[in-house]
>>> print(open('run.csv').read())   # CSV, C-alpha atoms
chain,number,residue,atom,x,y,z
H,1,MET,CA,-13.6,-19.9,-1.1
H,2,GLN,CA,-10.9,-19.9,1.6
H,3,ASP,CA,-8.2,-17.4,0.8
H,4,THR,CA,-4.5,-17.8,1.7
H,5,PRO,CA,-3.0,-15.3,4.2
H,6,PHE,CA,-1.3,-12.2,2.9
H,7,GLU,CA,2.4,-12.9,3.5
H,8,LEU,CA,4.7,-9.9,3.8
H,9,GLY,CA,8.2,-9.8,5.2
H,10,GLY,CA,7.9,-13.2,6.8
H,11,MET,CA,4.6,-12.3,8.5
H,12,LYS,CA,1.1,-13.3,7.7
H,13,PHE,CA,-2.0,-11.1,7.7
H,14,ASN,CA,-5.7,-11.5,7.0
H,15,SER,CA,-6.4,-8.0,5.7
H,16,ARG,CA,-4.9,-6.9,2.4
H,17,LEU,CA,-5.6,-3.2,3.1
H,18,ILE,CA,-2.8,-1.0,4.5
H,19,VAL,CA,-3.8,2.4,5.8
H,20,GLY,CA,-1.9,5.6,6.6
H,21,THR,CA,-2.3,7.8,9.7
H,22,GLY,CA,-1.9,11.3,8.3
H,23,LYS,CA,-4.4,14.1,7.6
H,24,TYR,CA,-6.9,13.1,10.3
H,25,ARG,CA,-8.4,15.7,12.7
H,26,ASP,CA,-6.7,14.0,15.7
H,27,PHE,CA,-5.4,10.6,16.9
H,28,ALA,CA,-8.9,9.6,18.1
H,29,GLU,CA,-10.3,9.8,14.6
H,30,THR,CA,-7.2,8.0,13.3
H,31,LYS,CA,-7.9,5.1,15.7
H,32,ALA,CA,-11.6,4.9,14.7
H,33,ALA,CA,-10.8,4.9,11.0
H,34,VAL,CA,-8.1,2.2,11.4
H,35,GLU,CA,-10.5,0.0,13.4
H,36,ALA,CA,-13.3,0.5,10.7
H,37,SER,CA,-10.9,-0.4,7.9
H,38,GLY,CA,-10.0,-3.8,9.4
H,39,ALA,CA,-6.4,-3.1,8.5
H,40,GLU,CA,-3.6,-5.0,10.4
H,41,ILE,CA,-0.7,-2.9,8.9
H,42,VAL,CA,-0.7,0.8,9.7
H,43,THR,CA,1.9,3.1,8.1
H,44,VAL,CA,3.3,6.1,9.9
H,45,ALA,CA,5.3,9.0,8.6
H,46,VAL,CA,8.1,9.1,11.1
H,47,ARG,CA,9.0,12.7,10.3
H,48,ARG,CA,5.5,14.0,10.6
H,49,VAL,CA,3.6,11.9,13.1
H,50,ASN,CA,5.0,11.4,16.6
H,51,ILE,CA,5.9,7.8,17.5
H,52,THR,CA,9.3,8.5,19.0
H,53,ASP,CA,8.7,11.0,21.8
H,54,ARG,CA,6.8,9.4,24.7
H,55,GLY,CA,6.7,12.8,26.5
H,56,LYS,CA,4.2,14.1,23.9
H,57,GLU,CA,0.9,12.8,22.6
H,58,ASN,CA,2.0,9.7,20.8
H,59,LEU,CA,0.1,7.8,18.1
H,60,LEU,CA,1.2,4.5,19.7
H,61,ASP,CA,-1.0,5.4,22.7
H,62,TYR,CA,-3.9,5.0,20.3
H,63,LEU,CA,-2.7,2.2,18.1
H,64,ASP,CA,-1.3,-0.7,20.1
H,65,PRO,CA,1.8,-2.2,18.3
H,66,LYS,CA,0.8,-5.6,19.8
H,67,ARG,CA,-2.5,-5.4,17.7
H,68,TYR,CA,-1.2,-3.6,14.6
H,69,GLN,CA,2.0,-4.0,12.6
H,70,ILE,CA,3.4,-0.5,12.6
H,71,LEU,CA,5.0,0.3,9.2
H,72,PRO,CA,7.2,3.4,9.5
H,73,ASN,CA,7.6,5.3,6.3
H,74,THR,CA,10.0,7.9,5.1
H,75,ALA,CA,7.5,10.5,3.8
H,76,GLY,CA,9.1,13.9,3.5
H,77,CYS,CA,12.5,12.6,2.6
H,78,PHE,CA,14.1,13.9,-0.6
H,79,THR,CA,17.5,12.1,-0.5
H,80,ALA,CA,18.5,8.5,0.0
H,81,ASP,CA,20.6,9.5,3.0
H,82,GLU,CA,17.5,11.1,4.7
H,83,ALA,CA,15.4,8.0,4.1
H,84,VAL,CA,18.1,5.7,5.4
H,85,ARG,CA,18.5,7.8,8.6
H,86,THR,CA,14.7,7.9,9.1
H,87,CYS,CA,14.5,4.1,8.9
H,88,ARG,CA,17.3,3.7,11.4
H,89,LEU,CA,15.5,6.1,13.8
H,90,ALA,CA,12.3,4.0,13.5
H,91,ARG,CA,14.2,0.9,14.3
H,92,GLU,CA,15.9,2.5,17.3
H,93,VAL,CA,12.5,3.2,18.9
H,94,GLY,CA,11.5,-0.4,18.5
H,95,VAL,CA,8.9,-0.4,15.7
H,96,GLY,CA,10.7,-3.1,13.8
H,97,ASP,CA,12.5,-3.7,10.5
H,98,LEU,CA,9.6,-3.6,8.1
H,99,VAL,CA,9.7,-0.1,6.5
H,100,LYS,CA,8.0,1.8,3.7
H,101,LEU,CA,10.7,3.5,1.6
H,102,GLU,CA,9.7,6.8,0.0
H,103,VAL,CA,12.1,9.2,-1.6
H,104,ILE,CA,10.4,12.1,-3.3
H,105,GLY,CA,12.0,13.6,-6.4
H,106,ASP,CA,9.6,16.4,-7.1
H,107,ASN,CA,7.8,18.5,-4.6
H,108,ARG,CA,4.9,19.4,-6.9
H,109,THR,CA,3.9,16.0,-8.2
H,110,LEU,CA,5.4,14.0,-5.3
H,111,PHE,CA,6.6,11.4,-7.8
H,112,PRO,CA,9.4,9.2,-6.4
H,113,ASP,CA,13.1,9.7,-7.2
H,114,VAL,CA,13.7,6.3,-8.7
H,115,ALA,CA,17.5,6.5,-8.6
H,116,ALA,CA,17.6,7.6,-5.0
H,117,THR,CA,15.0,5.0,-4.0
H,118,ILE,CA,17.1,2.2,-5.5
H,119,ASP,CA,20.2,3.6,-3.7
H,120,ALA,CA,18.4,3.7,-0.4
H,121,ALA,CA,16.9,0.3,-0.9
H,122,ARG,CA,20.4,-1.3,-1.4
H,123,VAL,CA,21.6,0.2,1.8
H,124,LEU,CA,18.6,-0.7,3.9
H,125,VAL,CA,18.4,-4.3,2.6
H,126,LYS,CA,22.1,-4.8,3.5
H,127,GLU,CA,21.3,-3.5,7.0
H,128,GLY,CA,18.6,-6.1,7.5
H,129,PHE,CA,15.5,-3.9,6.8
H,130,LYS,CA,12.5,-5.4,5.1
H,131,VAL,CA,11.9,-2.8,2.5
H,132,MET,CA,8.7,-1.9,0.8
H,133,PRO,CA,9.5,0.9,-1.8
H,134,TYR,CA,7.0,3.4,-3.2
H,135,VAL,CA,7.9,3.7,-6.9
H,136,THR,CA,6.5,4.7,-10.2
H,137,ASP,CA,4.5,2.2,-12.2
H,138,ASP,CA,7.6,1.2,-14.2
H,139,PRO,CA,8.1,-2.6,-14.7
H,140,VAL,CA,11.9,-2.3,-15.0
H,141,THR,CA,12.2,-0.3,-11.7
H,142,CYS,CA,10.0,-2.8,-9.9
H,143,LEU,CA,12.1,-5.7,-11.2
H,144,ARG,CA,15.3,-4.0,-10.1
H,145,LEU,CA,14.0,-3.4,-6.6
H,146,GLN,CA,12.8,-7.0,-6.4
H,147,GLU,CA,16.3,-8.2,-7.4
H,148,ILE,CA,17.9,-6.0,-4.7
H,149,GLY,CA,15.9,-7.9,-2.1
H,150,CYS,CA,12.9,-5.7,-1.3
H,151,VAL,CA,10.0,-7.7,0.3
H,152,ALA,CA,7.4,-6.0,-1.9
H,153,VAL,CA,7.1,-3.4,-4.6
H,154,MET,CA,4.5,-0.6,-4.4
H,155,PRO,CA,3.8,1.1,-7.7
H,156,LEU,CA,1.7,4.2,-7.6
H,157,ALA,CA,-1.8,4.1,-9.2
H,158,ALA,CA,-1.7,7.9,-9.6
H,159,PRO,CA,0.0,10.8,-7.9
H,160,ILE,CA,-0.2,10.9,-4.1
H,161,GLY,CA,-3.5,12.3,-2.9
H,162,SER,CA,-4.9,12.8,-6.4
H,163,GLY,CA,-7.7,10.3,-6.1
H,164,LEU,CA,-7.5,9.5,-9.9
H,165,GLY,CA,-7.4,5.8,-9.5
H,166,ILE,CA,-5.3,3.4,-11.7
H,167,ARG,CA,-4.0,5.5,-14.6
H,168,ASN,CA,-1.8,2.8,-16.3
H,169,PRO,CA,-3.4,-0.7,-16.0
H,170,PHE,CA,-1.1,-2.0,-18.7
H,171,ASN,CA,2.1,-1.3,-16.8
H,172,LEU,CA,0.5,-2.6,-13.6
H,173,ALA,CA,-0.3,-5.9,-15.4
H,174,ILE,CA,3.3,-6.4,-16.4
H,175,ILE,CA,4.5,-5.6,-12.9
H,176,ILE,CA,2.2,-8.2,-11.5
H,177,GLU,CA,3.1,-10.8,-14.1
H,178,GLN,CA,6.9,-10.6,-13.4
H,179,ALA,CA,6.7,-10.2,-9.6
H,180,LYS,CA,8.0,-12.8,-7.2
H,181,VAL,CA,7.2,-10.5,-4.3
H,182,PRO,CA,3.8,-8.9,-3.3
H,183,VAL,CA,2.6,-6.0,-5.5
H,184,ILE,CA,0.8,-3.4,-3.5
H,185,VAL,CA,-0.8,-0.4,-5.2
H,186,ASP,CA,0.3,2.7,-3.3
H,187,ALA,CA,-1.1,6.3,-3.9
H,188,GLY,CA,-3.8,7.6,-6.1
H,189,VAL,CA,-6.8,5.6,-4.9
H,190,GLY,CA,-9.9,7.8,-4.6
H,191,THR,CA,-12.8,5.6,-3.7
H,192,ALA,CA,-13.9,2.0,-3.1
H,193,SER,CA,-14.1,1.1,-6.8
H,194,ASP,CA,-10.4,2.0,-7.3
H,195,ALA,CA,-9.4,-0.3,-4.5
H,196,ALA,CA,-11.6,-3.1,-5.9
H,197,GLU,CA,-10.1,-2.6,-9.4
H,198,ALA,CA,-6.6,-2.9,-8.0
H,199,MET,CA,-7.4,-6.2,-6.3
H,200,GLU,CA,-9.3,-7.5,-9.4
H,201,PHE,CA,-6.1,-6.9,-11.4
H,202,GLY,CA,-4.3,-9.3,-9.1
H,203,CYS,CA,-2.5,-6.9,-6.8
H,204,ASP,CA,-1.7,-8.5,-3.4
H,205,GLY,CA,-2.8,-5.4,-1.5
H,206,VAL,CA,-3.6,-1.7,-1.5
H,207,LEU,CA,-2.1,1.1,0.6
H,208,MET,CA,-4.0,4.3,1.1
H,209,ASN,CA,-4.3,7.4,3.3
H,210,THR,CA,-5.9,10.5,1.7
H,211,ALA,CA,-8.8,8.5,0.2
H,212,ILE,CA,-10.0,7.7,3.8
H,213,ALA,CA,-8.7,10.6,5.8
H,214,GLY,CA,-9.9,13.2,3.3
H,215,ALA,CA,-13.4,11.7,2.9
H,216,LYS,CA,-16.4,13.6,4.3
H,217,ASP,CA,-17.0,10.6,6.6
H,218,PRO,CA,-13.6,8.9,7.1
H,219,ILE,CA,-15.0,6.2,9.3
H,220,ALA,CA,-17.6,5.2,6.7
H,221,MET,CA,-15.0,5.4,3.9
H,222,ALA,CA,-12.7,3.2,5.9
H,223,ARG,CA,-15.4,0.6,6.1
H,224,ALA,CA,-16.1,0.9,2.3
H,225,MET,CA,-12.4,0.4,1.5
H,226,LYS,CA,-12.4,-2.8,3.7
H,227,LEU,CA,-15.3,-4.2,1.8
H,228,ALA,CA,-13.9,-3.1,-1.6
H,229,VAL,CA,-10.5,-4.8,-1.0
H,230,GLU,CA,-12.2,-8.0,0.1
H,231,ALA,CA,-14.7,-8.0,-2.9
H,232,GLY,CA,-11.9,-7.3,-5.4
H,233,ARG,CA,-9.7,-10.1,-4.0
H,234,LEU,CA,-12.6,-12.5,-4.1
H,235,ALA,CA,-13.5,-11.5,-7.7
H,236,PHE,CA,-9.9,-12.0,-8.8
H,237,ARG,CA,-9.8,-15.5,-7.3
H,238,ALA,CA,-13.2,-16.4,-8.7
H,239,GLY,CA,-12.1,-15.5,-12.3
H,240,ARG,CA,-14.1,-13.0,-14.3
H,241,ILE,CA,-15.8,-13.9,-17.5
H,242,GLU,CA,-14.1,-13.1,-20.8
H,243,ARG,CA,-14.9,-9.8,-22.4
H,244,ARG,CA,-16.8,-10.2,-25.6
H,245,LEU,CA,-17.8,-7.7,-28.3
H,246,TYR,CA,-21.3,-9.2,-28.8
H,247,ALA,CA,-23.9,-10.6,-26.5
H,248,THR,CA,-24.0,-14.1,-25.2
H,249,ALA,CA,-27.3,-15.5,-24.1
H,250,SER,CA,-27.6,-16.1,-20.4
H,251,SER,CA,-29.8,-19.1,-21.0
H,252,PRO,CA,-28.9,-22.0,-23.4
H,253,LEU,CA,-30.5,-21.9,-26.8
H,254,THR,CA,-30.8,-25.7,-27.1
H,255,GLY,CA,-33.8,-27.6,-26.0
H,256,LEU,CA,-36.2,-24.7,-26.3
H,257,ILE,CA,-39.9,-25.5,-25.6
H,258,GLY,CA,-42.2,-25.2,-28.6
>>> encode(input="run.csv", output="structure tokens")
Amino acid sequence: MQDTPFELGGMKFNSRLIVGTGKYRDFAETKAAVEASGAEIVTVAVRRVNITDRGKENLLDYLDPKRYQILPNTAGCFTADEAVRTCRLAREVGVGDLVKLEVIGDNRTLFPDVAATIDAARVLVKEGFKVMPYVTDDPVTCLRLQEIGCVAVMPLAAPIGSGLGIRNPFNLAIIIEQAKVPVIVDAGVGTASDAAEAMEFGCDGVLMNTAIAGAKDPIAMARAMKLAVEAGRLAFRAGRIERRLYATASSPLTGLIG
């Protein structure tokens, strides 16, 4: 069953797994995990990981921008203005216009500030950025961001780094149903089954960092996540059987012998 490419911001990708670059022991481990994941899009926290100063150890020395789509993100920003300035900085160093917008509203839960995210998205879209906003799993918010002109919406599955998996499948189903842009689950994935579940729901992709970087064996987990996303996507396209309360015989009951 030949799948269609994953289209995002006018570009096409084969992998539907997007991985982060934080929390690894060093850039060498980051590189190994990214390679094992098969991801083609790699997100980088501009305020936390060096991609702007070529005079210091630089992540781009390990991850070739010609091989990977570098997706700068605004992690660590708590206002719309901070997020906008961070995206502008990333564009100035030449990593492109595709950005992950993240404006945190609460330092303890790391839930996004919805109002500030919408404000920042409006500014960035007008300036020609291709915006992928991290948001709550609220269908109305996702719809508004889509209407603004964001190239994707990225509802959380659960709080960042929690590993709880998808907490509200019903909201996620509504978001997917009304979406005219890719829906990418961002945050809260803990293990391979969580990633597969998101894809089986019909999400277009999954973004994760802690689930891989925080695993006992990040390289093995990266490989597991690659396979999980592929399996979940294939299962979604294959079409699962209907859930039934009672058993249904696997073999037909007609034409029995004797």
>>> atom_distance(input="run.csv", atom1="CA of Val46 (chain H)", atom2="CA of Lys226 (chain H)")
24.8 Å
>>> closest_atom_pairs(input="run.csv", of="region 175-196 of chain H", to="region 100-122 of chain H", cutoff="12 Å", atoms="all atoms listed in the file", output="tab-separated table")
residue	atom	partner	partner_atom	distance
H:Ile184	CA	H:Lys100	CA	11.4
H:Asp186	CA	H:Lys100	CA	10.4
H:Ala187	CA	H:Phe111	CA	10.0
H:Gly188	CA	H:Phe111	CA	11.2
>>> closest_residue(input="run.csv", among="H:Gly190, H:Pro65, H:Gly38, H:Gly20", to="Gly165 (chain H)", atoms="all atoms listed in the file")
H:Gly190
>>> closest_residue(input="run.csv", among="H:Met208, H:Ile176, H:Ala215, H:Ala235", to="Ala196 (chain H)", atoms="all atoms listed in the file")
H:Ala235
>>> atom_distance(input="run.csv", atom1="CA of Val140 (chain H)", atom2="CA of Ala83 (chain H)")
22.0 Å
>>> atom_distance(input="run.csv", atom1="CA of Arg223 (chain H)", atom2="CA of Phe6 (chain H)")
19.3 Å
>>> residues_around(input="run.csv", residues="region 238-246 of chain H", least_positions_apart="3", cutoff="12 Å", atoms="only C-alpha atoms", output="JSON, numbers by chain")
{"H": [1, 2, 3, 199, 200, 201, 202, 231, 232, 233, 234, 235, 249]}
>>> write_last_selection(input="run.csv", atoms="C-alpha atoms", output="PDB file, keeping the file's coordinate frame")
ATOM      1  CA  MET H   1     -13.600 -19.900  -1.100  1.00  0.00           C
ATOM      2  CA  GLN H   2     -10.900 -19.900   1.600  1.00  0.00           C
ATOM      3  CA  ASP H   3      -8.200 -17.400   0.800  1.00  0.00           C
ATOM      4  CA  MET H 199      -7.400  -6.200  -6.300  1.00  0.00           C
ATOM      5  CA  GLU H 200      -9.300  -7.500  -9.400  1.00  0.00           C
ATOM      6  CA  PHE H 201      -6.100  -6.900 -11.400  1.00  0.00           C
ATOM      7  CA  GLY H 202      -4.300  -9.300  -9.100  1.00  0.00           C
ATOM      8  CA  ALA H 231     -14.700  -8.000  -2.900  1.00  0.00           C
ATOM      9  CA  GLY H 232     -11.900  -7.300  -5.400  1.00  0.00           C
ATOM     10  CA  ARG H 233      -9.700 -10.100  -4.000  1.00  0.00           C
ATOM     11  CA  LEU H 234     -12.600 -12.500  -4.100  1.00  0.00           C
ATOM     12  CA  ALA H 235     -13.500 -11.500  -7.700  1.00  0.00           C
ATOM     13  CA  ALA H 249     -27.300 -15.500 -24.100  1.00  0.00           C
TER      14      ALA H 249
END
>>> residues_around(input="run.csv", residues="Gly22 (chain H)", least_positions_apart="6", cutoff="10 Å", atoms="all atoms listed in the file", output="PyMOL selection string")
chain H and resi 30+43-45+48-49+209-210+212-214
>>> closest_residue(input="run.csv", among="H:Thr86, H:Asn73, H:Thr191, H:Asn58", to="Ala28 (chain H)", atoms="all atoms listed in the file")
H:Asn58
>>> closest_residue(input="run.csv", among="H:Val123, H:Leu71, H:Ile174, H:Met221", to="Thr141 (chain H)", atoms="all atoms listed in the file")
H:Ile174
>>> residues_around(input="run.csv", residues="Ala198 (chain H)", least_positions_apart="6", cutoff="8 Å", atoms="only C-alpha atoms", output="ChimeraX atom specification")
/H:166,185,205-206,232
>>> residues_around(input="run.csv", residues="Leu98 (chain H)", least_positions_apart="5", cutoff="9 Å", atoms="only C-alpha atoms", output="ChimeraX atom specification")
/H:9,69-72,91,129-132,151
>>> decode(input="run.csv", residues="region 16-40 of chain H", atoms="N, CA, C and O atoms", output="CSV table (one decimal), in the first residue's frame")
chain,number,residue,atom,x,y,z
H,16,ARG,N,7.1,10.7,8.9
H,16,ARG,CA,6.1,11.5,9.6
H,16,ARG,C,6.5,11.7,11.0
H,16,ARG,O,5.6,12.1,11.8
H,17,LEU,N,7.7,11.3,11.4
H,17,LEU,CA,8.2,11.5,12.7
H,17,LEU,C,9.1,12.7,12.8
H,17,LEU,O,10.0,12.8,12.0
H,18,ILE,N,8.8,13.7,13.7
H,18,ILE,CA,9.6,14.9,13.9
H,18,ILE,C,10.3,14.7,15.2
H,18,ILE,O,9.6,14.4,16.2
H,19,VAL,N,11.6,14.9,15.3
H,19,VAL,CA,12.3,14.7,16.6
H,19,VAL,C,13.0,16.0,17.1
H,19,VAL,O,13.4,16.8,16.2
H,20,GLY,N,13.1,16.1,18.4
H,20,GLY,CA,13.8,17.2,19.0
H,20,GLY,C,15.2,16.9,19.2
H,20,GLY,O,15.7,15.8,19.0
H,21,THR,N,15.9,17.9,19.7
H,21,THR,CA,17.4,17.8,19.9
H,21,THR,C,17.9,18.1,21.3
H,21,THR,O,19.1,18.2,21.5
H,22,GLY,N,16.9,18.3,22.2
H,22,GLY,CA,17.3,18.6,23.6
H,22,GLY,C,17.5,17.4,24.5
H,22,GLY,O,17.0,16.3,24.1
H,23,LYS,N,18.1,17.5,25.6
H,23,LYS,CA,18.2,16.6,26.7
H,23,LYS,C,19.1,15.4,26.4
H,23,LYS,O,19.2,14.4,27.2
H,24,TYR,N,19.9,15.4,25.3
H,24,TYR,CA,20.8,14.3,25.0
H,24,TYR,C,22.1,14.6,25.8
H,24,TYR,O,22.4,15.7,26.2
H,25,ARG,N,23.0,13.6,25.9
H,25,ARG,CA,24.2,13.8,26.6
H,25,ARG,C,25.2,14.7,25.9
H,25,ARG,O,25.9,15.5,26.4
H,26,ASP,N,25.1,14.6,24.5
H,26,ASP,CA,26.0,15.4,23.7
H,26,ASP,C,25.5,15.4,22.3
H,26,ASP,O,24.5,14.7,22.0
H,27,PHE,N,26.1,16.2,21.4
H,27,PHE,CA,25.6,16.3,20.0
H,27,PHE,C,25.8,15.0,19.3
H,27,PHE,O,25.1,14.7,18.3
H,28,ALA,N,26.8,14.2,19.7
H,28,ALA,CA,27.1,12.9,19.0
H,28,ALA,C,25.9,12.0,19.2
H,28,ALA,O,25.5,11.3,18.3
H,29,GLU,N,25.4,11.9,20.5
H,29,GLU,CA,24.3,11.1,20.8
H,29,GLU,C,23.0,11.6,20.0
H,29,GLU,O,22.2,10.8,19.6
H,30,THR,N,22.9,12.9,20.0
H,30,THR,CA,21.8,13.5,19.2
H,30,THR,C,21.8,13.1,17.8
H,30,THR,O,20.7,12.6,17.3
H,31,LYS,N,22.9,13.1,17.2
H,31,LYS,CA,23.1,12.7,15.8
H,31,LYS,C,22.7,11.2,15.6
H,31,LYS,O,21.9,10.9,14.7
H,32,ALA,N,23.2,10.4,16.5
H,32,ALA,CA,22.9,9.0,16.4
H,32,ALA,C,21.4,8.7,16.5
H,32,ALA,O,20.8,7.8,15.8
H,33,ALA,N,20.8,9.4,17.5
H,33,ALA,CA,19.3,9.1,17.7
H,33,ALA,C,18.5,9.6,16.5
H,33,ALA,O,17.6,8.9,16.1
H,34,VAL,N,18.9,10.8,16.0
H,34,VAL,CA,18.1,11.3,14.8
H,34,VAL,C,18.3,10.3,13.6
H,34,VAL,O,17.3,10.0,12.9
H,35,GLU,N,19.5,9.8,13.4
H,35,GLU,CA,19.7,8.9,12.3
H,35,GLU,C,18.8,7.6,12.5
H,35,GLU,O,18.2,7.1,11.6
H,36,ALA,N,18.8,7.1,13.8
H,36,ALA,CA,18.0,5.9,14.0
H,36,ALA,C,16.5,6.1,13.9
H,36,ALA,O,15.8,5.2,13.5
H,37,SER,N,16.1,7.3,14.1
H,37,SER,CA,14.6,7.6,14.0
H,37,SER,C,14.1,7.7,12.6
H,37,SER,O,12.9,7.6,12.3
H,38,GLY,N,15.0,7.9,11.6
H,38,GLY,CA,14.6,8.1,10.3
H,38,GLY,C,13.9,9.4,10.0
H,38,GLY,O,13.4,9.6,8.9
H,39,ALA,N,13.9,10.3,11.0
H,39,ALA,CA,13.3,11.6,10.8
H,39,ALA,C,14.0,12.5,9.8
H,39,ALA,O,15.2,12.4,9.6
H,40,GLU,N,13.2,13.3,9.1
H,40,GLU,CA,13.8,14.2,8.1
H,40,GLU,C,13.6,15.6,8.6
H,40,GLU,O,14.2,16.5,8.0
